[in-house]
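Novice: Got a structure for you, my_file.cif, holding mmCIF, C-alpha atoms.
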```
data_data
#
loop_
_atom_site.label_atom_id
_atom_site.label_comp_id
_atom_site.auth_asym_id
_atom_site.auth_seq_id
_atom_site.Cartn_x
_atom_site.Cartn_y
_atom_site.Cartn_z
CA LEU A 1 -1.41 -41.47 -22.56
CA GLN A 2 0.36 -43.91 -20.28
CA TYR A 3 4.11 -44.34 -19.90
CA MET A 4 6.68 -46.49 -18.15
CA SER A 5 9.54 -44.76 -16.32
CA GLY A 6 13.27 -45.29 -16.22
CA PHE A 7 16.22 -44.48 -18.46
CA GLY A 8 17.59 -47.47 -20.37
CA ASN A 9 15.51 -49.96 -18.38
CA GLU A 10 14.45 -53.40 -19.54
CA HIS A 11 10.79 -52.71 -20.22
CA VAL A 12 7.97 -55.14 -20.99
CA SER A 13 4.70 -53.99 -22.57
CA GLU A 14 1.72 -55.48 -24.37
CA ASP A 15 -1.47 -53.89 -25.65
CA PRO A 16 -4.22 -54.75 -23.12
CA ARG A 17 -6.47 -55.81 -26.01
CA CYS A 18 -4.23 -58.87 -26.44
CA PRO A 19 -3.23 -60.20 -23.01
CA GLY A 20 -0.47 -62.77 -23.13
CA ALA A 21 0.92 -61.49 -26.45
CA LEU A 22 4.47 -61.64 -25.12
CA PRO A 23 5.99 -65.13 -25.43
CA GLU A 24 6.75 -66.81 -22.12
CA GLY A 25 10.39 -67.59 -21.36
CA GLN A 26 11.85 -67.06 -24.83
CA ASN A 27 12.16 -64.44 -27.55
CA ASN A 28 11.47 -66.39 -30.72
CA PRO A 29 9.08 -69.34 -30.32
CA GLN A 30 8.14 -71.52 -33.25
CA VAL A 31 4.67 -69.97 -33.19
CA CYS A 32 4.10 -66.64 -31.39
CA PRO A 33 0.89 -65.94 -29.44
CA TYR A 34 -1.97 -64.59 -31.57
CA GLY A 35 -0.08 -65.64 -34.71
CA LEU A 36 2.28 -62.65 -34.44
CA TYR A 37 5.71 -62.33 -36.02
CA ALA A 38 8.81 -61.89 -33.83
CA GLU A 39 11.26 -59.20 -34.95
CA GLN A 40 14.37 -57.92 -33.19
CA LEU A 41 15.44 -54.29 -33.45
CA SER A 42 19.15 -53.98 -32.61
CA GLY A 43 20.62 -50.67 -31.49
CA SER A 44 24.13 -52.01 -30.90
CA ALA A 45 26.42 -54.75 -32.07
CA PHE A 46 25.40 -58.16 -30.70
CA THR A 47 28.71 -58.46 -28.82
CA CYS A 48 28.67 -55.07 -27.05
CA PRO A 49 29.18 -55.32 -23.28
CA ARG A 50 25.95 -55.56 -21.31
CA PRO A 51 25.95 -51.88 -20.16
CA THR A 52 25.94 -50.71 -23.79
CA ASN A 53 24.00 -53.56 -25.42
CA LYS A 54 20.71 -52.29 -26.80
CA ARG A 55 17.94 -54.32 -28.40
CA SER A 56 14.21 -54.85 -28.27
CA TRP A 57 11.95 -57.65 -29.45
CA LEU A 58 8.77 -56.62 -31.27
CA TYR A 59 5.75 -58.90 -31.78
CA ARG A 60 3.86 -57.61 -34.76
CA ILE A 61 1.01 -58.47 -37.10
CA LEU A 62 3.30 -58.34 -40.15
CA PRO A 63 7.10 -57.99 -40.17
CA SER A 64 8.54 -54.71 -41.36
CA VAL A 65 10.18 -56.43 -44.34
CA CYS A 66 6.85 -56.44 -46.22
CA HIS A 67 7.22 -53.38 -48.47
CA LYS A 68 7.97 -52.45 -52.08
CA PRO A 69 11.52 -51.36 -53.02
CA PHE A 70 12.77 -48.00 -51.76
CA LYS A 71 13.09 -45.17 -54.27
CA PRO A 72 14.73 -41.75 -53.84
CA LEU A 73 12.48 -39.09 -52.34
CA GLU A 74 13.27 -35.50 -53.23
CA GLU A 75 11.85 -33.61 -50.31
CA GLY A 76 13.02 -31.19 -47.66
CA HIS A 77 16.40 -29.57 -47.12
CA LEU A 78 18.31 -32.41 -45.46
CA THR A 79 22.01 -32.73 -46.20
CA HIS A 80 25.29 -33.99 -44.80
CA HIS A 81 27.42 -32.30 -47.46
CA TRP A 82 29.30 -29.76 -45.38
CA ASP A 83 31.37 -28.27 -48.22
CA GLU A 84 28.52 -26.75 -50.25
CA ILE A 85 29.52 -23.27 -49.02
CA GLU A 86 32.72 -21.75 -47.63
CA PRO A 87 33.21 -22.09 -43.85
CA ASP A 88 32.35 -19.09 -41.68
CA PRO A 89 34.08 -18.67 -38.29
CA ASN A 90 31.99 -15.64 -37.28
CA GLN A 91 29.55 -15.56 -34.40
CA LEU A 92 26.25 -16.47 -36.05
CA ARG A 93 22.73 -15.80 -34.88
CA TRP A 94 19.42 -16.59 -36.53
CA LYS A 95 16.08 -14.88 -36.14
CA PRO A 96 13.14 -17.24 -35.42
CA PHE A 97 12.78 -19.67 -38.30
CA GLU A 98 9.63 -19.03 -40.30
CA ILE A 99 6.77 -21.53 -40.19
CA PRO A 100 4.90 -21.86 -43.49
CA LYS A 101 1.27 -20.86 -43.47
CA ALA A 102 -1.44 -23.46 -44.15
CA PRO A 103 -3.37 -24.14 -46.30
CA GLN A 104 -1.35 -22.23 -48.91
CA ASN A 105 1.77 -24.27 -48.18
CA LYS A 106 1.04 -27.49 -46.31
CA MET A 107 4.16 -28.96 -44.79
CA ASP A 108 4.49 -31.95 -42.47
CA PHE A 109 7.37 -32.96 -40.22
CA VAL A 110 9.41 -34.67 -42.96
CA SER A 111 8.98 -32.00 -45.61
CA GLY A 112 9.73 -29.37 -42.95
CA LEU A 113 13.17 -30.72 -41.99
CA HIS A 114 16.04 -28.32 -42.71
CA THR A 115 19.70 -29.01 -41.92
CA LEU A 116 21.38 -26.00 -40.32
CA CYS A 117 24.89 -27.25 -39.53
CA GLY A 118 26.90 -30.36 -38.79
CA ALA A 119 30.08 -32.37 -39.23
CA GLY A 120 31.14 -35.91 -40.05
CA GLU A 121 29.12 -38.30 -42.14
CA PRO A 122 26.79 -41.21 -41.44
CA ARG A 123 28.61 -43.85 -43.48
CA GLY A 124 31.63 -43.58 -41.22
CA ARG A 125 29.30 -43.63 -38.17
CA ASN A 126 30.83 -40.51 -36.66
CA GLY A 127 29.24 -37.09 -36.72
CA ILE A 128 26.32 -34.89 -35.82
CA ALA A 129 23.80 -32.60 -37.50
CA VAL A 130 21.56 -29.84 -36.23
CA HIS A 131 18.20 -29.60 -37.98
CA ILE A 132 15.28 -27.19 -37.73
CA PHE A 133 11.75 -28.50 -38.26
CA VAL A 134 8.83 -26.27 -39.22
CA CYS A 135 5.44 -27.73 -40.11
CA ASN A 136 1.73 -27.01 -40.11
CA THR A 137 0.09 -30.35 -40.94
CA SER A 138 0.26 -33.91 -39.66
CA MET A 139 1.92 -36.83 -41.38
CA THR A 140 -0.85 -38.87 -43.01
CA ASP A 141 -0.26 -42.51 -43.95
CA ARG A 142 3.48 -42.08 -43.87
CA CYS A 143 6.23 -42.57 -41.32
CA LEU A 144 9.95 -41.91 -41.04
CA TYR A 145 12.87 -43.88 -39.67
CA ASN A 146 16.46 -42.74 -39.42
CA SER A 147 19.02 -45.30 -40.57
CA ASP A 148 21.85 -42.85 -39.86
CA GLY A 149 21.49 -42.13 -36.16
CA ASP A 150 19.40 -40.85 -33.25
CA PHE A 151 17.11 -37.80 -33.26
CA LEU A 152 16.92 -35.71 -30.08
CA MET A 153 13.88 -33.51 -30.70
CA VAL A 154 13.21 -30.20 -28.92
CA PRO A 155 9.77 -28.76 -29.75
CA GLN A 156 9.64 -24.99 -29.34
CA GLN A 157 6.16 -24.11 -30.61
CA GLY A 158 3.28 -26.55 -30.80
CA LYS A 159 2.99 -30.03 -29.34
CA LEU A 160 3.86 -33.26 -31.13
CA LEU A 161 1.79 -36.43 -30.91
CA ILE A 162 4.34 -39.03 -31.97
CA THR A 163 3.22 -42.52 -32.88
CA THR A 164 6.04 -45.07 -32.76
CA GLU A 165 6.27 -48.82 -33.10
CA PHE A 166 6.47 -48.91 -29.29
CA GLY A 167 3.42 -46.73 -28.65
CA LYS A 168 2.44 -43.07 -28.52
CA MET A 169 4.12 -40.06 -26.89
CA LEU A 170 2.80 -36.53 -26.49
CA VAL A 171 5.74 -34.12 -26.47
CA GLU A 172 5.13 -30.45 -25.67
CA PRO A 173 7.44 -27.42 -25.53
CA ASN A 174 9.77 -27.71 -22.52
CA GLU A 175 9.88 -31.46 -23.08
CA ILE A 176 12.30 -33.39 -25.29
CA CYS A 177 12.13 -36.82 -26.87
CA VAL A 178 14.66 -39.17 -28.40
CA ILE A 179 13.81 -41.40 -31.34
CA GLN A 180 16.70 -43.82 -31.65
CA GLN A 181 18.20 -45.21 -34.84
CA GLY A 182 15.85 -47.34 -36.92
CA MET A 183 12.62 -46.65 -35.01
CA ARG A 184 9.64 -45.83 -37.21
CA PHE A 185 7.55 -42.86 -36.17
CA SER A 186 4.89 -40.48 -37.44
CA VAL A 187 4.24 -36.94 -36.16
CA GLU A 188 0.81 -35.38 -35.69
CA VAL A 189 0.68 -31.60 -35.08
CA PHE A 190 -2.08 -29.23 -34.03
CA GLY A 191 -1.21 -26.06 -35.92
CA GLU A 192 1.96 -24.14 -36.66
CA THR A 193 4.83 -26.08 -35.15
CA ARG A 194 8.57 -25.49 -34.84
CA GLY A 195 11.54 -27.04 -33.09
CA TYR A 196 15.14 -28.19 -33.11
CA ILE A 197 16.77 -31.59 -33.66
CA LEU A 198 20.19 -32.84 -32.64
CA GLU A 199 21.14 -35.88 -34.69
CA VAL A 200 24.11 -38.07 -33.73
CA TYR A 201 25.70 -40.73 -35.91
CA GLY A 202 27.52 -43.62 -34.30
CA ALA A 203 26.60 -43.17 -30.64
CA HIS A 204 23.50 -43.23 -28.48
CA PHE A 205 22.57 -40.68 -25.84
CA GLU A 206 23.17 -41.61 -22.23
CA LEU A 207 23.06 -39.93 -18.85
CA PRO A 208 26.30 -38.16 -17.94
CA ASP A 209 28.42 -39.61 -15.15
CA LEU A 210 27.98 -37.69 -11.91
CA GLY A 211 31.46 -38.05 -10.42
CA PRO A 212 31.82 -36.11 -7.15
CA ILE A 213 28.21 -34.91 -7.39
CA GLY A 214 27.32 -38.35 -6.08
CA ALA A 215 24.46 -40.71 -6.74
CA ASN A 216 21.69 -38.15 -7.37
CA GLY A 217 21.17 -35.01 -9.37
CA LEU A 218 20.88 -33.51 -12.85
CA ALA A 219 18.41 -35.59 -14.90
CA ASN A 220 17.16 -38.45 -12.74
CA PRO A 221 16.64 -41.79 -14.53
CA ARG A 222 13.11 -42.29 -13.21
CA ASP A 223 11.89 -39.10 -14.92
CA PHE A 224 12.42 -40.49 -18.42
CA LEU A 225 9.21 -41.90 -19.86
CA VAL A 226 8.76 -44.72 -22.38
CA PRO A 227 5.50 -45.35 -24.28
CA VAL A 228 3.36 -48.43 -23.69
CA ALA A 229 2.44 -50.86 -26.46
CA TRP A 230 -0.32 -49.79 -28.82
CA TYR A 231 -1.18 -51.26 -32.20
CA GLU A 232 -3.47 -50.70 -35.14
CA ASP A 233 -4.42 -53.49 -37.53
CA ARG A 234 -5.13 -51.17 -40.42
CA GLN A 235 -4.99 -51.85 -44.13
CA VAL A 236 -4.09 -48.91 -46.38
CA PRO A 237 -5.21 -49.81 -49.90
CA GLY A 238 -4.04 -46.47 -51.28
CA GLY A 239 -0.54 -47.15 -50.00
CA TYR A 240 1.32 -46.37 -46.80
CA THR A 241 4.67 -44.60 -47.33
CA VAL A 242 7.67 -45.63 -45.23
CA ILE A 243 10.47 -43.05 -45.49
CA SER A 244 14.06 -43.95 -44.66
CA LYS A 245 16.76 -41.38 -43.98
CA TYR A 246 19.72 -43.33 -45.30
CA GLN A 247 23.24 -41.95 -45.81
CA GLY A 248 21.86 -38.44 -45.49
CA LYS A 249 19.18 -38.80 -48.17
CA LEU A 250 15.50 -39.71 -48.11
CA PHE A 251 14.03 -42.83 -49.70
CA ALA A 252 10.39 -43.94 -49.81
CA ALA A 253 8.81 -47.40 -49.99
CA GLN A 254 5.14 -48.32 -50.30
CA GLN A 255 3.22 -50.92 -48.32
CA ASP A 256 -0.48 -51.62 -47.89
CA TYR A 257 -0.69 -51.69 -44.08
CA SER A 258 0.17 -49.52 -41.08
CA PRO A 259 3.67 -50.11 -39.67
CA PHE A 260 2.36 -49.42 -36.16
CA ASN A 261 1.20 -53.01 -35.78
CA VAL A 262 3.32 -54.02 -32.78
CA VAL A 263 1.04 -55.77 -30.28
CA ALA A 264 3.72 -56.35 -27.64
CA TRP A 265 7.41 -55.69 -27.10
CA HIS A 266 10.20 -56.04 -24.56
CA GLY A 267 13.75 -54.70 -24.35
CA ASN A 268 15.90 -51.72 -23.51
CA TYR A 269 16.05 -50.03 -26.93
CA THR A 270 13.08 -47.66 -26.99
CA PRO A 271 11.99 -44.11 -27.73
CA TYR A 272 11.64 -41.92 -24.66
CA LYS A 273 10.74 -38.42 -23.50
CA TYR A 274 11.75 -36.13 -20.62
CA HIS A 275 10.34 -32.91 -19.10
CA LEU A 276 13.05 -30.28 -18.62
CA GLU A 277 11.41 -28.89 -15.47
CA LYS A 278 12.39 -32.11 -13.69
CA PHE A 279 16.12 -31.33 -14.05
CA MET A 280 17.80 -30.97 -10.64
CA VAL A 281 20.06 -27.96 -11.04
CA ILE A 282 23.54 -27.92 -9.51
CA ASN A 283 25.10 -24.48 -9.05
CA ALA A 284 27.89 -22.50 -7.35
CA VAL A 285 26.97 -21.34 -3.84
CA ALA A 286 30.14 -19.44 -2.88
CA PHE A 287 31.90 -17.66 -5.75
CA ASP A 288 32.70 -17.98 -9.46
CA HIS A 289 30.99 -20.29 -11.93
CA ALA A 290 30.80 -24.02 -12.10
CA ASP A 291 31.43 -25.13 -15.68
CA PRO A 292 28.27 -25.34 -17.83
CA SER A 293 28.76 -29.12 -18.04
CA ILE A 294 26.79 -29.25 -14.76
CA PHE A 295 23.71 -28.51 -16.87
CA THR A 296 24.13 -31.59 -19.11
CA VAL A 297 20.91 -33.57 -19.54
CA LEU A 298 22.17 -36.18 -22.02
CA THR A 299 25.50 -36.95 -23.64
CA ALA A 300 26.67 -38.97 -26.63
CA LYS A 301 30.23 -40.01 -25.85
CA THR A 302 33.27 -40.50 -28.04
CA THR A 303 35.99 -43.07 -27.38
CA ARG A 304 38.06 -40.32 -25.73
CA ALA A 305 37.35 -40.13 -22.02
CA GLY A 306 35.39 -37.03 -21.09
CA VAL A 307 35.00 -35.79 -24.67
CA ALA A 308 31.48 -35.77 -26.09
CA LEU A 309 30.41 -36.23 -29.65
CA ALA A 310 27.43 -34.16 -28.50
CA ASP A 311 26.00 -32.90 -25.22
CA PHE A 312 22.46 -31.63 -24.69
CA VAL A 313 22.70 -28.86 -22.09
CA ILE A 314 19.97 -26.64 -20.61
CA PHE A 315 19.99 -23.35 -18.66
CA PRO A 316 16.90 -23.66 -16.46
CA PRO A 317 15.46 -21.35 -13.80
CA ARG A 318 17.64 -21.35 -10.68
CA TRP A 319 19.04 -19.21 -7.88
CA GLY A 320 22.14 -17.07 -8.32
CA VAL A 321 23.97 -16.51 -5.02
CA ALA A 322 27.68 -16.32 -5.87
CA ASN A 323 29.58 -13.59 -3.99
CA ASN A 324 32.05 -11.18 -5.60
CA THR A 325 31.23 -12.78 -8.95
CA PHE A 326 30.24 -11.62 -12.41
CA ARG A 327 27.17 -13.82 -12.54
CA PRO A 328 26.19 -14.04 -16.23
CA PRO A 329 28.19 -16.37 -18.50
CA TYR A 330 31.74 -15.11 -18.84
CA TYR A 331 33.60 -14.28 -22.05
CA HIS A 332 34.85 -17.46 -23.56
CA ARG A 333 36.74 -19.20 -26.35
CA ASN A 334 36.04 -22.91 -26.51
CA CYS A 335 37.58 -25.97 -28.16
CA MET A 336 33.98 -27.18 -28.61
CA SER A 337 31.24 -25.96 -30.98
CA GLU A 338 28.18 -24.45 -29.30
CA PHE A 339 24.75 -24.19 -30.94
CA MET A 340 22.16 -22.51 -28.74
CA GLY A 341 18.40 -22.40 -29.06
CA LEU A 342 15.66 -20.81 -27.00
CA ILE A 343 12.37 -22.53 -26.18
CA LYS A 344 10.81 -19.63 -24.27
CA GLY A 345 11.64 -16.42 -22.43
CA HIS A 346 14.82 -14.32 -22.62
CA TYR A 347 18.34 -15.70 -22.36
CA GLU A 348 20.18 -14.07 -19.46
CA ALA A 349 23.31 -13.06 -21.40
CA LYS A 350 21.47 -11.60 -24.40
CA GLU A 351 17.99 -10.39 -23.56
CA GLU A 352 17.58 -8.67 -26.93
CA GLY A 353 18.00 -10.29 -30.32
CA PHE A 354 18.16 -13.92 -29.22
CA GLN A 355 14.54 -15.02 -29.58
CA PRO A 356 12.50 -18.21 -29.08
CA GLY A 357 12.57 -20.25 -32.27
CA GLY A 358 15.89 -18.76 -33.36
CA GLY A 359 19.41 -19.88 -32.62
CA SER A 360 23.10 -19.04 -32.47
CA LEU A 361 26.33 -20.82 -33.33
CA HIS A 362 29.65 -20.02 -31.70
CA SER A 363 32.15 -22.12 -33.57
CA MET A 364 35.32 -23.69 -32.31
CA MET A 365 37.57 -21.02 -30.73
CA THR A 366 35.29 -18.16 -31.83
CA PRO A 367 34.99 -15.73 -28.89
CA HIS A 368 31.58 -15.05 -27.40
CA GLY A 369 29.95 -13.85 -24.21
CA PRO A 370 27.50 -11.31 -22.77
CA ASP A 371 26.47 -8.33 -24.86
CA ALA A 372 27.52 -4.85 -23.77
CA ASP A 373 24.28 -4.04 -21.94
CA CYS A 374 24.41 -7.28 -19.95
CA PHE A 375 28.06 -6.66 -18.99
CA GLU A 376 27.42 -3.15 -17.71
CA LYS A 377 24.35 -4.13 -15.69
CA ALA A 378 25.96 -7.22 -14.14
CA SER A 379 29.15 -5.35 -13.27
CA LYS A 380 27.18 -2.81 -11.22
CA ALA A 381 24.47 -5.05 -9.80
CA LYS A 382 24.00 -5.40 -6.07
CA LEU A 383 24.91 -9.01 -5.32
CA GLU A 384 21.93 -10.45 -3.52
CA PRO A 385 20.32 -13.86 -3.94
CA GLU A 386 18.30 -13.63 -7.13
CA ARG A 387 16.24 -15.83 -9.36
CA VAL A 388 17.91 -16.45 -12.70
CA ALA A 389 16.10 -17.37 -15.92
CA ASP A 390 12.58 -17.54 -14.49
CA GLY A 391 10.14 -18.15 -17.34
CA THR A 392 13.02 -19.07 -19.65
CA MET A 393 14.46 -22.24 -21.10
CA ALA A 394 17.57 -21.94 -23.24
CA PHE A 395 19.53 -24.98 -24.35
CA MET A 396 22.80 -25.85 -26.05
CA PHE A 397 23.92 -28.57 -28.43
CA GLU A 398 27.66 -28.79 -27.76
CA SER A 399 30.05 -30.91 -29.81
CA SER A 400 33.75 -31.69 -30.01
CA LEU A 401 33.39 -31.53 -33.81
CA SER A 402 33.94 -28.37 -35.83
CA LEU A 403 30.54 -27.64 -37.37
CA ALA A 404 29.94 -26.38 -40.91
CA VAL A 405 26.86 -24.32 -41.71
CA THR A 406 24.74 -25.25 -44.71
CA LYS A 407 23.81 -23.00 -47.60
CA TRP A 408 20.24 -23.08 -46.27
CA GLY A 409 21.44 -21.81 -42.92
CA LEU A 410 23.62 -19.01 -44.28
CA GLN A 411 21.58 -17.92 -47.28
CA THR A 412 18.38 -19.71 -48.28
CA SER A 413 16.57 -19.46 -44.95
CA ASN A 414 17.03 -15.68 -44.98
CA ARG A 415 16.98 -15.72 -41.17
CA LEU A 416 20.65 -14.97 -40.45
CA ASP A 417 21.06 -11.86 -38.31
CA LYS A 418 23.89 -10.02 -40.05
CA ASN A 419 24.06 -7.43 -37.26
CA TYR A 420 24.82 -9.92 -34.49
CA TYR A 421 28.41 -8.72 -34.08
CA LYS A 422 27.14 -5.25 -33.19
CA CYS A 423 25.92 -6.38 -29.75
CA TRP A 424 29.58 -6.34 -28.60
CA GLU A 425 30.65 -3.09 -30.30
CA PRO A 426 29.57 -0.84 -27.38
CA LEU A 427 31.94 -2.66 -25.00
CA LYS A 428 34.47 -0.12 -23.75
CA SER A 429 37.72 -0.24 -21.87
CA HIS A 430 37.55 0.22 -18.09
CA PHE A 431 41.30 -0.18 -17.70
CA ASN A 432 42.95 2.10 -15.15
CA PRO A 433 46.65 1.36 -14.48
CA LYS A 434 46.55 3.40 -11.25
CA HIS A 435 43.69 1.37 -9.76
CA LYS A 436 44.35 -1.68 -7.59
#
```
Would you mind giving the structure from this file in structure tokens?
Specialist:
Amino acid sequence: LQYMSGFGNEHVSEDPRCPGALPEGQNNPQVCPYGLYAEQLSGSAFTCPRPTNKRSWLYRILPSVCHKPFKPLEEGHLTHHWDEIEPDPNQLRWKPFEIPKAPQNKMDFVSGLHTLCGAGEPRGRNGIAVHIFVCNTSMTDRCLYNSDGDFLMVPQQGKLLITTEFGKMLVEPNEICVIQQGMRFSVEVFGETRGYILEVYGAHFELPDLGPIGANGLANPRDFLVPVAWYEDRQVPGGYTVISKYQGKLFAAQQDYSPFNVVAWHGNYTPYKYHLEKFMVINAVAFDHADPSIFTVLTAKTTRAGVALADFVIFPPRWGVANNTFRPPYYHRNCMSEFMGLIKGHYEAKEEGFQPGGGSLHSMMTPHGPDADCFEKASKAKLEPERVADGTMAFMFESSLSLAVTKWGLQTSNRLDKNYYKCWEPLKSHFNPKHK
């Protein structure tokens, strides 16, 4: 597959089978080349300032308005009702989420979506949700678009071949992709597949400001990849299903053609992907810790300066060299909510129990930190330069919102580790009032 590079760039692309499909010098000519229809996809209000104005023009065989009425679709475990079960302030950890076995229980990306936790609601355009997806079969003659917000997708097991209106992306574990609000997409898988999704309502992801770091570092804009135009002119007499996630619920409409009929497009509102190995790590080189915000890949901002609706943070392989320093993450109580997942390897602060495909949630002001074994080892370790997190990729969805866990997350999934609290029970007092 081919891609164009650059975060938030103005891109131009046309399928090479139809050269000249993009109109010259204007967006909406009286008659488009090849008899195509012009359609604008807006990701922001028309009057947003230029740095935040997002839109793309699509030139397609039929406009997306050609479908039967939407009807409710009862499928999956999606929700934004955060009061279905009493809140739980405890440290929570989940064992790897189970992937259904095919062919006994075929499940595609949409039917395999499960909401784990979240806050806010899409109608007010302020909130987030964390979803788990587990699937074993590809979406066939159906696609999904999210009317509520953006999906940041983190595959953990199995690769995703994602067809979008803008073209195709192959997304493998240790890569992420973002499908922004309103973009239609279909997911093909190649066996048992699992991953995590961070959904944000009311904001788009952007690169964090670098401040005193300077002009370069963290996730570099050129490493974000955007698909190139690809279309299919395919009739589907049996019916193609377009699924809309709208106000937290699913709705389905039928049409008799493929929605991936965009021959050319231009704009700055696109899906994109990024490989986490390309992240340029910043770290402390003298003593103590820099705040984990230095590991932020993408952020969705609020109107309060410096406060994120959601951050996507990673803990990649790096060198640890800090002197006279307890090097693992320190004990902490945070005014933010922290959901952690593990793509591969062993997380440095909890090498046992926290497994790839599982997760943990440390809610607002709930204390957390290294388990007892990690504390004892790190307190006695000889402080030499050492590689940290080799072969590992842990990540965090962090939010300024107080997250509620769903009934599926606490009960139905049957993956909650009820012994999580025990990893801190062996911690003992080392206090000696006579020691200085």
Novice: Looking at all atoms listed in the file, which of A:Gly43, A:Gly369, A:Pro316, A:Gly358 is the one that sits closest to Arg415 in chain A?
Specialist: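 Closest to Arg415 in chain A of all the choices is A:Gly358.
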Novice: Rounded to one decimal in Å, what is the spacing between CA of Glu232 in chain A and CA of Val262 in chain A?
Specialist: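 Separation between CA of Glu232 in chain A and CA of Val262 in chain A: 7.9 Å.
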Novice: Care to translate the PyMOL selection byres ((chain A and resi 249-260) around 8) into actual residues of this file, as an MDAnalysis selection string?
Specialist: chainID A and resid 64 66:75 78:79 141 163:165 184 230:248 261:262
Novice: What are the nearest atom pairs, with distances in Å to one decimal, for all residues of range 272-338 of chain A that come at most 12 Å from range 171-175 of chain A, using all atoms listed in the file, set out by chain and rising residue number as a tab-separated table?
Specialist:
```
residue	atom	partner	partner_atom	distance
A:Tyr272	CA	A:Val171	CA	9.9
A:Lys273	CA	A:Glu175	CA	7.0
A:Tyr274	CA	A:Glu175	CA	5.6
A:His275	CA	A:Glu175	CA	4.3
A:Leu276	CA	A:Glu175	CA	5.6
A:Glu277	CA	A:Asn174	CA	7.3
A:Lys278	CA	A:Glu175	CA	9.7
A:Phe279	CA	A:Glu175	CA	11.0
A:Val297	CA	A:Glu175	CA	11.8
A:Ile314	CA	A:Asn174	CA	10.4
A:Phe315	CA	A:Asn174	CA	11.8
A:Pro316	CA	A:Asn174	CA	10.2
```
Novice: Give me the result of the PyMOL selection byres ((chain A and resi 393) around 8) on this file, residue by residue, as a PyMOL selection string.
Specialist: chain A and resi 174+314-317+342-345+347+389+391-392+394-395
Novice: Identify which of the residues A:Asp15, A:Asp417, A:Glu192, A:Glu199 lies closest to Lys168 in chain A, counting all atoms listed in the file when measuring atom-to-atom distances.
Specialist: A:Asp15
Novice: Quick one: apply the PyMOL selection byres ((chain A and resi 90) around 12) to the file and drop the selected residues here as a list of chain:residue names.
Specialist: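 Selected by the PyMOL selection byres ((chain A and resi 90) around 12) here: A:Pro87, A:Asp88, A:Pro89, A:Gln91, A:Leu92, A:Arg93, A:Ser360, A:Leu361, A:His362, A:Ser363, A:Met364, A:Met365, A:Thr366, A:Pro367, A:His368, A:Ala404, A:Val405, A:Leu410, A:Leu416, A:Asp417, A:Lys418, A:Asn419, A:Tyr420, A:Tyr421.
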Novice: Find the residues near Glu39 in chain A: any atom within 8 Å, counting only C-alpha atoms, skip ones fewer than 4 places away on the same chain, and give them as a list in words.
Specialist: Trp57, Leu58, Tyr59, Arg60 and Pro63 of chain A
Novice: Taking 4 positions as the minimum chain separation for residues in the same chain, which residues sit within 10 Å of Ala129 in chain A when counting only C-alpha atoms? Answer as a PDB file with C-alpha atoms, in the frame of the given file.
Specialist:
```
ATOM      1  CA  LEU A  78      18.310 -32.410 -45.460  1.00  0.00           C
ATOM      2  CA  THR A  79      22.010 -32.730 -46.200  1.00  0.00           C
ATOM      3  CA  HIS A  80      25.290 -33.990 -44.800  1.00  0.00           C
ATOM      4  CA  THR A 115      19.700 -29.010 -41.920  1.00  0.00           C
ATOM      5  CA  LEU A 116      21.380 -26.000 -40.320  1.00  0.00           C
ATOM      6  CA  CYS A 117      24.890 -27.250 -39.530  1.00  0.00           C
ATOM      7  CA  GLY A 118      26.900 -30.360 -38.790  1.00  0.00           C
ATOM      8  CA  ALA A 119      30.080 -32.370 -39.230  1.00  0.00           C
ATOM      9  CA  GLY A 120      31.140 -35.910 -40.050  1.00  0.00           C
ATOM     10  CA  GLU A 121      29.120 -38.300 -42.140  1.00  0.00           C
ATOM     11  CA  PRO A 122      26.790 -41.210 -41.440  1.00  0.00           C
ATOM     12  CA  GLY A 149      21.490 -42.130 -36.160  1.00  0.00           C
ATOM     13  CA  PHE A 151      17.110 -37.800 -33.260  1.00  0.00           C
ATOM     14  CA  ILE A 197      16.770 -31.590 -33.660  1.00  0.00           C
ATOM     15  CA  LEU A 198      20.190 -32.840 -32.640  1.00  0.00           C
ATOM     16  CA  GLU A 199      21.140 -35.880 -34.690  1.00  0.00           C
ATOM     17  CA  VAL A 200      24.110 -38.070 -33.730  1.00  0.00           C
ATOM     18  CA  TYR A 201      25.700 -40.730 -35.910  1.00  0.00           C
ATOM     19  CA  ALA A 310      27.430 -34.160 -28.500  1.00  0.00           C
ATOM     20  CA  PHE A 397      23.920 -28.570 -28.430  1.00  0.00           C
ATOM     21  CA  LEU A 403      30.540 -27.640 -37.370  1.00  0.00           C
ATOM     22  CA  ALA A 404      29.940 -26.380 -40.910  1.00  0.00           C
ATOM     23  CA  VAL A 405      26.860 -24.320 -41.710  1.00  0.00           C
TER      24      VAL A 405
END
```
Novice: For each of A:Val110, A:Ala203, A:Cys135, A:Met396, take the minimum atom-to-atom distance to Ser44 in chain A, counting only C-alpha atoms, then give the residue where this is smallest.
Specialist: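 Checking each candidate against Ser44 in chain A, we get A:Ala203 as the closest.
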Novice: Out of A:Val189, A:Ile176, A:Val130, A:Met280, which residue has the shortest atom-to-atom distance to Gly158 in chain A when counting only C-alpha atoms?
Specialist: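 With only C-alpha atoms as the atom set, the closest residue is A:Val189.
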Novice: Could you state the separation of CA of Glu86 in chain A and CA of Ser402 in chain A in Å, given to one decimal place?
Specialist: 13.6 Å
Novice: Expressed in Å to a single decimal, how great is the separation between CA of Ala286 in chain A and CA of Ala322 in chain A?
Specialist: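 Interatomic distance, CA of Ala286 in chain A to CA of Ala322 in chain A: 5.0 Å.
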Novice: Find the spatial neighbours of Phe375 in chain A, counting all atoms listed in the file, within a cut-off of 12 Å - ignore same-chain residues fewer than 3 positions away - and output them as a list in words.
Specialist: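 These residues fall inside the cut-off: Phe326, Arg327, Pro328, Pro329, Tyr330, Tyr331, Glu348, Ala349, Lys350, Glu351, Gly369, Pro370, Asp371, Ala372, Ala378, Ser379, Lys380, Ala381, Cys423, Trp424, Pro426, Leu427, Lys428, Ser429 and His430 of chain A.
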